[in-house]
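Student: Pasting coords.cif below, which is mmCIF, C-alpha atoms; chains and numbers go by the auth columns.
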data_my_file
#
loop_
_atom_site.group_PDB
_atom_site.id
_atom_site.type_symbol
_atom_site.label_atom_id
_atom_site.label_comp_id
_atom_site.label_asym_id
_atom_site.label_seq_id
_atom_site.Cartn_x
_atom_site.Cartn_y
_atom_site.Cartn_z
_atom_site.B_iso_or_equiv
_atom_site.auth_seq_id
_atom_site.auth_asym_id
ATOM 1 C CA MET A 1 16.615 4.792 7.578 0.00 1 A
ATOM 2 C CA LYS A 2 13.716 6.619 9.195 0.00 2 A
ATOM 3 C CA ALA A 3 10.202 5.157 9.124 0.00 3 A
ATOM 4 C CA TYR A 4 6.807 5.417 10.767 0.00 4 A
ATOM 5 C CA ALA A 5 3.331 3.984 10.159 0.00 5 A
ATOM 6 C CA GLY A 6 -0.199 4.370 11.426 0.00 6 A
ATOM 7 C CA THR A 7 -3.824 3.492 10.717 0.00 7 A
ATOM 8 C CA ASP A 8 -7.126 5.054 11.691 0.00 8 A
ATOM 9 C CA ARG A 9 -10.743 3.872 11.488 0.00 9 A
ATOM 10 C CA GLY A 10 -11.854 7.164 9.985 0.00 10 A
ATOM 11 C CA ARG A 11 -15.166 8.842 10.754 0.00 11 A
ATOM 12 C CA ARG A 12 -17.646 6.650 8.890 0.00 12 A
ATOM 13 C CA ARG A 13 -16.541 3.012 9.336 0.00 13 A
ATOM 14 C CA GLN A 14 -17.270 0.859 12.384 0.00 14 A
ATOM 15 C CA ILE A 15 -14.132 -1.266 12.081 0.00 15 A
ATOM 16 C CA ASN A 16 -10.657 -0.743 10.673 0.00 16 A
ATOM 17 C CA GLN A 17 -9.945 -3.056 7.724 0.00 17 A
ATOM 18 C CA ASP A 18 -6.567 -1.472 6.919 0.00 18 A
ATOM 19 C CA ALA A 19 -3.302 -2.985 8.116 0.00 19 A
ATOM 20 C CA VAL A 20 0.330 -1.861 7.966 0.00 20 A
ATOM 21 C CA TYR A 21 3.759 -3.304 8.645 0.00 21 A
ATOM 22 C CA TYR A 22 7.272 -1.973 8.499 0.00 22 A
ATOM 23 C CA SER A 23 10.761 -3.095 9.401 0.00 23 A
ATOM 24 C CA THR A 24 13.895 -1.048 8.770 0.00 24 A
ATOM 25 C CA TYR A 25 15.916 -4.161 9.610 0.00 25 A
ATOM 26 C CA PRO A 26 16.428 -7.229 7.412 0.00 26 A
ATOM 27 C CA VAL A 27 13.462 -9.522 6.860 0.00 27 A
ATOM 28 C CA GLY A 28 14.816 -12.786 5.552 0.00 28 A
ATOM 29 C CA ASN A 29 17.259 -11.954 2.777 0.00 29 A
ATOM 30 C CA ILE A 30 16.028 -8.440 2.013 0.00 30 A
ATOM 31 C CA PRO A 31 17.261 -5.428 4.022 0.00 31 A
ATOM 32 C CA ASN A 32 13.879 -3.912 4.971 0.00 32 A
ATOM 33 C CA LEU A 33 10.175 -4.299 4.255 0.00 33 A
ATOM 34 C CA PHE A 34 7.115 -2.010 4.149 0.00 34 A
ATOM 35 C CA LEU A 35 3.494 -3.128 3.602 0.00 35 A
ATOM 36 C CA VAL A 36 -0.003 -1.633 3.359 0.00 36 A
ATOM 37 C CA ALA A 37 -3.179 -3.702 2.907 0.00 37 A
ATOM 38 C CA ASP A 38 -6.790 -2.516 2.630 0.00 38 A
ATOM 39 C CA GLY A 39 -9.218 -5.362 3.238 0.00 39 A
ATOM 40 C CA MET A 40 -12.623 -5.869 1.677 0.00 40 A
ATOM 41 C CA GLY A 41 -15.494 -8.135 2.583 0.00 41 A
ATOM 42 C CA GLY A 42 -18.035 -8.421 5.379 0.00 42 A
ATOM 43 C CA HIS A 43 -17.721 -7.215 8.957 0.00 43 A
ATOM 44 C CA ARG A 44 -15.040 -9.749 9.829 0.00 44 A
ATOM 45 C CA ALA A 45 -13.703 -10.695 6.411 0.00 45 A
ATOM 46 C CA GLY A 46 -11.971 -7.469 5.341 0.00 46 A
ATOM 47 C CA ASP A 47 -10.221 -7.037 8.680 0.00 47 A
ATOM 48 C CA PHE A 48 -9.091 -10.670 8.582 0.00 48 A
ATOM 49 C CA ALA A 49 -7.938 -10.486 4.952 0.00 49 A
ATOM 50 C CA SER A 50 -5.629 -7.483 5.388 0.00 50 A
ATOM 51 C CA ARG A 51 -3.998 -8.669 8.613 0.00 51 A
ATOM 52 C CA TYR A 52 -3.696 -12.292 7.449 0.00 52 A
ATOM 53 C CA THR A 53 -2.106 -11.158 4.177 0.00 53 A
ATOM 54 C CA ILE A 54 0.473 -8.991 5.892 0.00 54 A
ATOM 55 C CA ASP A 55 1.344 -11.547 8.579 0.00 55 A
ATOM 56 C CA ASN A 56 1.763 -14.354 6.079 0.00 56 A
ATOM 57 C CA LEU A 57 3.650 -12.273 3.513 0.00 57 A
ATOM 58 C CA VAL A 58 6.173 -11.349 6.196 0.00 58 A
ATOM 59 C CA ARG A 59 6.538 -15.041 7.017 0.00 59 A
ATOM 60 C CA GLN A 60 6.962 -15.935 3.331 0.00 60 A
ATOM 61 C CA VAL A 61 9.695 -13.294 2.960 0.00 61 A
ATOM 62 C CA GLU A 62 11.445 -14.516 6.093 0.00 62 A
ATOM 63 C CA GLU A 63 11.565 -18.061 4.726 0.00 63 A
ATOM 64 C CA ALA A 64 12.382 -17.236 1.079 0.00 64 A
ATOM 65 C CA GLU A 65 15.627 -18.297 -0.544 0.00 65 A
ATOM 66 C CA GLY A 66 17.674 -16.051 -2.808 0.00 66 A
ATOM 67 C CA ASN A 67 18.004 -12.278 -2.474 0.00 67 A
ATOM 68 C CA ASN A 68 16.148 -10.819 -5.454 0.00 68 A
ATOM 69 C CA PRO A 69 13.372 -8.725 -3.871 0.00 69 A
ATOM 70 C CA ILE A 70 11.108 -8.838 -6.940 0.00 70 A
ATOM 71 C CA THR A 71 11.263 -12.630 -7.049 0.00 71 A
ATOM 72 C CA ILE A 72 10.753 -12.897 -3.287 0.00 72 A
ATOM 73 C CA LEU A 73 7.752 -10.548 -3.252 0.00 73 A
ATOM 74 C CA ASN A 74 6.176 -12.093 -6.356 0.00 74 A
ATOM 75 C CA GLU A 75 6.347 -15.618 -4.977 0.00 75 A
ATOM 76 C CA GLY A 76 5.246 -14.441 -1.534 0.00 76 A
ATOM 77 C CA ILE A 77 2.165 -12.704 -2.930 0.00 77 A
ATOM 78 C CA ARG A 78 1.241 -15.800 -4.949 0.00 78 A
ATOM 79 C CA GLN A 79 1.554 -18.011 -1.879 0.00 79 A
ATOM 80 C CA VAL A 80 -0.477 -15.658 0.310 0.00 80 A
ATOM 81 C CA ASN A 81 -3.171 -15.448 -2.359 0.00 81 A
ATOM 82 C CA SER A 82 -3.528 -19.237 -2.248 0.00 82 A
ATOM 83 C CA LEU A 83 -3.627 -19.249 1.556 0.00 83 A
ATOM 84 C CA LEU A 84 -6.318 -16.559 1.619 0.00 84 A
ATOM 85 C CA LEU A 85 -8.476 -18.440 -0.887 0.00 85 A
ATOM 86 C CA LYS A 86 -8.120 -21.609 1.202 0.00 86 A
ATOM 87 C CA LYS A 87 -9.206 -19.772 4.342 0.00 87 A
ATOM 88 C CA ALA A 88 -12.258 -18.348 2.562 0.00 88 A
ATOM 89 C CA SER A 89 -13.263 -21.813 1.343 0.00 89 A
ATOM 90 C CA GLU A 90 -13.081 -23.203 4.892 0.00 90 A
ATOM 91 C CA ASP A 91 -15.105 -20.475 6.652 0.00 91 A
ATOM 92 C CA ALA A 92 -18.381 -19.133 5.256 0.00 92 A
ATOM 93 C CA SER A 93 -17.993 -15.882 7.210 0.00 93 A
ATOM 94 C CA LEU A 94 -14.837 -15.145 5.207 0.00 94 A
ATOM 95 C CA ALA A 95 -16.316 -15.896 1.766 0.00 95 A
ATOM 96 C CA GLY A 96 -15.650 -13.140 -0.760 0.00 96 A
ATOM 97 C CA MET A 97 -12.861 -11.519 1.225 0.00 97 A
ATOM 98 C CA GLY A 98 -9.829 -9.942 -0.384 0.00 98 A
ATOM 99 C CA THR A 99 -7.366 -7.135 0.075 0.00 99 A
ATOM 100 C CA THR A 100 -5.311 -4.618 -1.795 0.00 100 A
ATOM 101 C CA LEU A 101 -1.583 -4.754 -1.189 0.00 101 A
ATOM 102 C CA VAL A 102 1.371 -2.477 -1.768 0.00 102 A
ATOM 103 C CA ALA A 103 4.802 -3.754 -0.742 0.00 103 A
ATOM 104 C CA ALA A 104 8.219 -2.124 -0.912 0.00 104 A
ATOM 105 C CA CYS A 105 11.828 -2.496 0.085 0.00 105 A
ATOM 106 C CA THR A 106 15.039 -0.625 -0.681 0.00 106 A
ATOM 107 C CA MET A 107 18.350 -2.019 -1.897 0.00 107 A
ATOM 108 C CA GLY A 108 20.737 0.899 -1.523 0.00 108 A
ATOM 109 C CA ARG A 109 19.191 3.715 -3.530 0.00 109 A
ATOM 110 C CA VAL A 110 16.858 1.401 -5.453 0.00 110 A
ATOM 111 C CA LEU A 111 13.241 1.222 -4.309 0.00 111 A
ATOM 112 C CA CYS A 112 11.472 -2.013 -5.299 0.00 112 A
ATOM 113 C CA VAL A 113 7.673 -1.891 -5.287 0.00 113 A
ATOM 114 C CA ALA A 114 4.822 -4.356 -5.832 0.00 114 A
ATOM 115 C CA ASN A 115 1.117 -3.524 -5.891 0.00 115 A
ATOM 116 C CA VAL A 116 -2.245 -5.220 -6.289 0.00 116 A
ATOM 117 C CA GLY A 117 -5.373 -3.059 -6.164 0.00 117 A
ATOM 118 C CA ASP A 118 -5.613 0.670 -5.528 0.00 118 A
ATOM 119 C CA SER A 119 -3.476 1.243 -2.455 0.00 119 A
ATOM 120 C CA ARG A 120 -0.653 3.522 -3.541 0.00 120 A
ATOM 121 C CA LEU A 121 3.021 4.349 -3.228 0.00 121 A
ATOM 122 C CA TYR A 122 4.281 7.886 -3.817 0.00 122 A
ATOM 123 C CA VAL A 123 7.775 9.384 -3.892 0.00 123 A
ATOM 124 C CA ILE A 124 7.723 12.931 -2.538 0.00 124 A
ATOM 125 C CA ASN A 125 10.189 15.800 -2.321 0.00 125 A
ATOM 126 C CA ARG A 126 9.978 19.591 -2.173 0.00 126 A
ATOM 127 C CA GLU A 127 9.497 19.873 -5.938 0.00 127 A
ATOM 128 C CA GLU A 128 7.015 17.117 -6.726 0.00 128 A
ATOM 129 C CA ILE A 129 4.899 14.153 -5.723 0.00 129 A
ATOM 130 C CA ARG A 130 5.042 11.099 -8.006 0.00 130 A
ATOM 131 C CA GLN A 131 2.603 8.204 -7.865 0.00 131 A
ATOM 132 C CA ILE A 132 4.724 5.150 -8.630 0.00 132 A
ATOM 133 C CA THR A 133 2.042 2.467 -8.460 0.00 133 A
ATOM 134 C CA ARG A 134 -0.799 2.164 -10.956 0.00 134 A
ATOM 135 C CA ASP A 135 -4.302 1.713 -9.558 0.00 135 A
ATOM 136 C CA HIS A 136 -5.977 -1.544 -10.535 0.00 136 A
ATOM 137 C CA SER A 137 -9.408 0.040 -10.695 0.00 137 A
ATOM 138 C CA LEU A 138 -12.273 0.232 -13.148 0.00 138 A
ATOM 139 C CA VAL A 139 -11.932 3.990 -13.598 0.00 139 A
ATOM 140 C CA GLU A 140 -8.211 3.810 -14.364 0.00 140 A
ATOM 141 C CA GLU A 141 -8.812 1.153 -17.009 0.00 141 A
ATOM 142 C CA LEU A 142 -11.524 3.324 -18.596 0.00 142 A
ATOM 143 C CA ILE A 143 -9.233 6.373 -18.508 0.00 143 A
ATOM 144 C CA GLN A 144 -6.470 4.438 -20.265 0.00 144 A
ATOM 145 C CA ARG A 145 -8.952 3.470 -22.982 0.00 145 A
ATOM 146 C CA GLY A 146 -10.070 7.089 -23.329 0.00 146 A
ATOM 147 C CA GLU A 147 -13.585 6.271 -22.117 0.00 147 A
ATOM 148 C CA MET A 148 -13.593 8.351 -18.930 0.00 148 A
ATOM 149 C CA GLU A 149 -12.215 11.655 -17.715 0.00 149 A
ATOM 150 C CA ARG A 150 -10.377 11.754 -14.383 0.00 150 A
ATOM 151 C CA GLY A 151 -12.337 13.783 -11.828 0.00 151 A
ATOM 152 C CA SER A 152 -15.643 13.515 -13.695 0.00 152 A
ATOM 153 C CA GLU A 153 -18.907 12.635 -11.947 0.00 153 A
ATOM 154 C CA ALA A 154 -18.706 9.060 -13.294 0.00 154 A
ATOM 155 C CA TYR A 155 -15.098 8.815 -12.106 0.00 155 A
ATOM 156 C CA ASN A 156 -15.997 9.850 -8.569 0.00 156 A
ATOM 157 C CA GLU A 157 -18.990 7.506 -8.534 0.00 157 A
ATOM 158 C CA HIS A 158 -17.039 4.393 -9.562 0.00 158 A
ATOM 159 C CA LYS A 159 -13.465 5.002 -8.352 0.00 159 A
ATOM 160 C CA ASN A 160 -13.743 2.508 -5.483 0.00 160 A
ATOM 161 C CA ILE A 161 -14.318 -0.469 -7.821 0.00 161 A
ATOM 162 C CA ILE A 162 -11.034 -2.366 -8.017 0.00 162 A
ATOM 163 C CA THR A 163 -10.139 -4.906 -10.683 0.00 163 A
ATOM 164 C CA ARG A 164 -7.442 -6.843 -8.821 0.00 164 A
ATOM 165 C CA ALA A 165 -7.133 -7.988 -5.212 0.00 165 A
ATOM 166 C CA VAL A 166 -5.243 -10.590 -3.226 0.00 166 A
ATOM 167 C CA GLY A 167 -7.668 -13.413 -2.485 0.00 167 A
ATOM 168 C CA ALA A 168 -10.127 -12.548 -5.249 0.00 168 A
ATOM 169 C CA ARG A 169 -9.078 -15.148 -7.839 0.00 169 A
ATOM 170 C CA LYS A 170 -6.935 -18.253 -8.166 0.00 170 A
ATOM 171 C CA ASP A 171 -4.217 -16.306 -9.984 0.00 171 A
ATOM 172 C CA VAL A 172 -3.004 -12.941 -8.732 0.00 172 A
ATOM 173 C CA PHE A 173 -0.847 -10.597 -10.817 0.00 173 A
ATOM 174 C CA ALA A 174 1.105 -7.865 -9.087 0.00 174 A
ATOM 175 C CA ASP A 175 2.710 -4.944 -10.906 0.00 175 A
ATOM 176 C CA PHE A 176 6.362 -4.269 -10.103 0.00 176 A
ATOM 177 C CA PHE A 177 8.361 -1.053 -10.246 0.00 177 A
ATOM 178 C CA GLU A 178 11.927 0.058 -9.543 0.00 178 A
ATOM 179 C CA VAL A 179 12.802 3.662 -8.698 0.00 179 A
ATOM 180 C CA ASN A 180 16.091 5.356 -7.853 0.00 180 A
ATOM 181 C CA LEU A 181 15.724 7.415 -4.684 0.00 181 A
ATOM 182 C CA GLU A 182 17.496 10.644 -3.797 0.00 182 A
ATOM 183 C CA GLU A 183 18.387 11.653 -0.245 0.00 183 A
ATOM 184 C CA GLU A 184 15.599 14.233 -0.006 0.00 184 A
ATOM 185 C CA ASP A 185 12.893 11.776 -1.165 0.00 185 A
ATOM 186 C CA THR A 186 10.227 10.532 1.228 0.00 186 A
ATOM 187 C CA VAL A 187 8.253 7.404 0.333 0.00 187 A
ATOM 188 C CA LEU A 188 4.560 7.362 1.242 0.00 188 A
ATOM 189 C CA MET A 189 2.444 4.214 1.042 0.00 189 A
ATOM 190 C CA CYS A 190 -1.266 4.544 1.758 0.00 190 A
ATOM 191 C CA SER A 191 -4.743 3.120 1.366 0.00 191 A
ATOM 192 C CA ASP A 192 -7.394 4.965 -0.603 0.00 192 A
ATOM 193 C CA GLY A 193 -8.762 6.311 2.660 0.00 193 A
ATOM 194 C CA LEU A 194 -5.985 8.876 2.384 0.00 194 A
ATOM 195 C CA SER A 195 -5.631 9.314 -1.380 0.00 195 A
ATOM 196 C CA ASN A 196 -9.389 9.731 -1.915 0.00 196 A
ATOM 197 C CA MET A 197 -9.705 12.329 0.840 0.00 197 A
ATOM 198 C CA VAL A 198 -6.545 14.430 0.425 0.00 198 A
ATOM 199 C CA SER A 199 -5.251 15.896 -2.839 0.00 199 A
ATOM 200 C CA ASP A 200 -1.794 14.964 -4.078 0.00 200 A
ATOM 201 C CA GLU A 201 -0.608 18.549 -3.714 0.00 201 A
ATOM 202 C CA THR A 202 -1.788 18.760 -0.104 0.00 202 A
ATOM 203 C CA ILE A 203 -0.075 15.454 0.612 0.00 203 A
ATOM 204 C CA ARG A 204 3.154 16.875 -0.819 0.00 204 A
ATOM 205 C CA GLU A 205 2.833 20.005 1.326 0.00 205 A
ATOM 206 C CA LEU A 206 2.315 17.930 4.460 0.00 206 A
ATOM 207 C CA VAL A 207 5.222 15.563 3.764 0.00 207 A
ATOM 208 C CA ALA A 208 8.038 17.318 1.913 0.00 208 A
ATOM 209 C CA GLY A 209 11.006 18.551 3.901 0.00 209 A
ATOM 210 C CA ARG A 210 9.685 17.553 7.334 0.00 210 A
ATOM 211 C CA GLU A 211 11.912 15.521 9.651 0.00 211 A
ATOM 212 C CA ASP A 212 9.430 14.070 12.155 0.00 212 A
ATOM 213 C CA LEU A 213 7.665 11.237 10.314 0.00 213 A
ATOM 214 C CA LYS A 214 5.442 10.432 13.289 0.00 214 A
ATOM 215 C CA GLU A 215 4.116 13.976 13.182 0.00 215 A
ATOM 216 C CA VAL A 216 3.693 13.799 9.403 0.00 216 A
ATOM 217 C CA CYS A 217 1.728 10.546 9.713 0.00 217 A
ATOM 218 C CA SER A 218 -0.566 12.102 12.311 0.00 218 A
ATOM 219 C CA ASP A 219 -1.114 15.196 10.156 0.00 219 A
ATOM 220 C CA LEU A 220 -2.001 13.126 7.075 0.00 220 A
ATOM 221 C CA ILE A 221 -4.564 11.095 9.010 0.00 221 A
ATOM 222 C CA GLU A 222 -5.981 14.241 10.593 0.00 222 A
ATOM 223 C CA GLU A 223 -6.337 15.876 7.171 0.00 223 A
ATOM 224 C CA ALA A 224 -8.194 12.858 5.761 0.00 224 A
ATOM 225 C CA ASN A 225 -10.567 12.900 8.714 0.00 225 A
ATOM 226 C CA LYS A 226 -11.026 16.660 8.492 0.00 226 A
ATOM 227 C CA ASN A 227 -12.125 16.188 4.876 0.00 227 A
ATOM 228 C CA GLY A 228 -14.750 13.629 5.832 0.00 228 A
ATOM 229 C CA GLY A 229 -12.873 10.456 6.835 0.00 229 A
ATOM 230 C CA ARG A 230 -15.166 8.297 4.715 0.00 230 A
ATOM 231 C CA ASP A 231 -12.894 5.240 4.857 0.00 231 A
ATOM 232 C CA ASN A 232 -10.195 3.653 6.977 0.00 232 A
ATOM 233 C CA ILE A 233 -6.820 5.354 6.595 0.00 233 A
ATOM 234 C CA ALA A 234 -3.425 3.621 6.408 0.00 234 A
ATOM 235 C CA VAL A 235 -0.083 5.425 6.136 0.00 235 A
ATOM 236 C CA VAL A 236 3.507 4.165 5.936 0.00 236 A
ATOM 237 C CA LEU A 237 6.341 6.701 5.567 0.00 237 A
ATOM 238 C CA PHE A 238 10.069 6.141 5.156 0.00 238 A
ATOM 239 C CA ARG A 239 13.170 7.842 3.848 0.00 239 A
ATOM 240 C CA LEU A 240 16.793 6.954 3.385 0.00 240 A
ATOM 241 C CA THR A 241 19.534 8.427 5.526 0.00 241 A
ATOM 242 C CA GLY A 242 23.212 8.673 4.665 0.00 242 A
ATOM 243 C CA ASP A 243 23.939 5.123 5.822 0.00 243 A
ATOM 244 C CA GLU A 244 21.487 3.577 3.360 0.00 244 A
ATOM 245 C CA VAL A 245 22.334 5.707 0.329 0.00 245 A
ATOM 246 C CA ARG A 246 25.025 3.357 -0.861 0.00 246 A
ATOM 247 C CA GLU A 247 25.164 0.534 -3.334 0.00 247 A
ATOM 248 C CA TRP A 248 23.739 -2.654 -1.840 0.00 248 A
#
Translate this file's structure into structure tokens.

Tutor:
Amino acid sequence: MKAYAGTDRGRRRQINQDAVYYSTYPVGNIPNLFLVADGMGGHRAGDFASRYTIDNLVRQVEEAEGNNPITILNEGIRQVNSLLLKKASEDASLAGMGTTLVAACTMGRVLCVANVGDSRLYVINREEIRQITRDHSLVEELIQRGEMERGSEAYNEHKNIITRAVGARKDVFADFFEVNLEEEDTVLMCSDGLSNMVSDETIRELVAGREDLKEVCSDLIEEANKNGGRDNIAVVLFRLTGDEVREW
């Protein structure tokens, strides 16, 4: 398996509230783990929320029993949500903090994904780019109800309002997805600092068919900054190699 990750403050923000993690080696009872979190809150709170969520989710996965990745991630997210709420209640400077989260692992060819908020996971090849996750955002809910048109002025004005976040409420509900990967597929996980600044088609052009994932990561971040860099940018990239394309 090949993988690479990076974050950038962007051109407008004073601090970086995005956080990433990846391991191509086993974490607890699952064979690999990839995470992106985009924090929200005050000067300290968003930065704390994203890093705390990632660090503690990794620990929860390491300590989990069983080997079903969906069960492990679901319980881990619930536990981290409770820990984040407890931290916020103990420190006034962290009140109101929260974070998006997208998490993934592969079991052979099967990609298992969890998401809360509007950070995204895409599967990309030379022919297409597919968004696997579904944004938990106000505009997406209005689009599904037929009350808003994607790309409209109202859409662009309100697209940063999310409807779910880790640490926002007592109960957190993640969406889960399973996808069968092909050898030529590259998985991209990112915060909205990339997806809001770079079109899906440009992302596909920058990713598909390229071997050097470090270079791809750098080019994606550079493109987001070239287009304005209005937010922090987080990128995680990975793809299967021959050794992993087998039944787990």

Student: Mind pulling up the distance from CA of Leu188 (chain A) to CA of Gly10 (chain A)?

Tutor: 18.6 Å

Student: Identify, on the basis of only C-alpha atoms, every residue whose closest approach to Gly209 (chain A) does not exceed 12 Å; exclude the query and any residue fewer than 4 positions from it along the same chain; express the result as a PyMOL selection string.

Tutor: chain A and resi 124-128+183-186+203-205+213+216+239

Student: Rank nothing, just name the residue among A:Val236, A:Ile162, A:Leu111, A:Asp212 nearest to Asp18 (chain A), using all atoms listed in the file.

Tutor: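 Among A:Val236, A:Ile162, A:Leu111, A:Asp212, it is A:Val236 that comes nearest to Asp18 (chain A).
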
Student: Using only C-alpha atoms, determine which residues lie at most 8 Å from Thr7 (chain A), disregarding the query and same-chain residues fewer than 5 positions distant; provide the list as a ChimeraX atom specification.

Tutor: /A:18-20,221,232-235

Student: Could you dump the residues just selected with C-alpha atoms as a compact mmCIF listing (two decimals), keeping the file's coordinate frame?

Tutor:
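Wrote it out as again-v2.txt, contents follow:
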# COMPACT_ATOMS: atom_id res chain seq x y z
CA ASP A 18 -6.57 -1.47 6.92
CA ALA A 19 -3.30 -2.98 8.12
CA VAL A 20 0.33 -1.86 7.97
CA ILE A 221 -4.56 11.10 9.01
CA ASN A 232 -10.20 3.65 6.98
CA ILE A 233 -6.82 5.35 6.60
CA ALA A 234 -3.42 3.62 6.41
CA VAL A 235 -0.08 5.42 6.14

Student: Find the spatial neighbours of region 44-51 of chain A, counting only C-alpha atoms, within a cut-off of 6 Å - ignore same-chain residues fewer than 3 positions away - and output them as a list in words.

Tutor: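 Residues meeting the cut-off are Gln17, Ala19, Ala37, Asp38, Gly39, Met40, Gly41, Ile54, Leu94, Met97, Gly98 and Thr99 of chain A.
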
Student: I'd like to see the residues matched by the PyMOL selection byres ((chain A and resi 106) around 12) on this file, and ideally I'd get them as a PyMOL selection string.

Tutor: chain A and resi 1+23-27+30-34+68-70+103-105+107-113+177-182+187+238-241+244-248

Student: Measuring atom to atom with all atoms listed in the file, identify which of A:Val123, A:Val116, A:Val61, A:Ala165 is nearest to Val102 (chain A).

Tutor: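 Closest candidate: A:Val116.
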
Student: Rounded to one decimal place, report the CA of Val36 (chain A)-CA of Ile132 (chain A) distance in Å.

Tutor: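 CA of Val36 (chain A) sits 14.6 Å away from CA of Ile132 (chain A).
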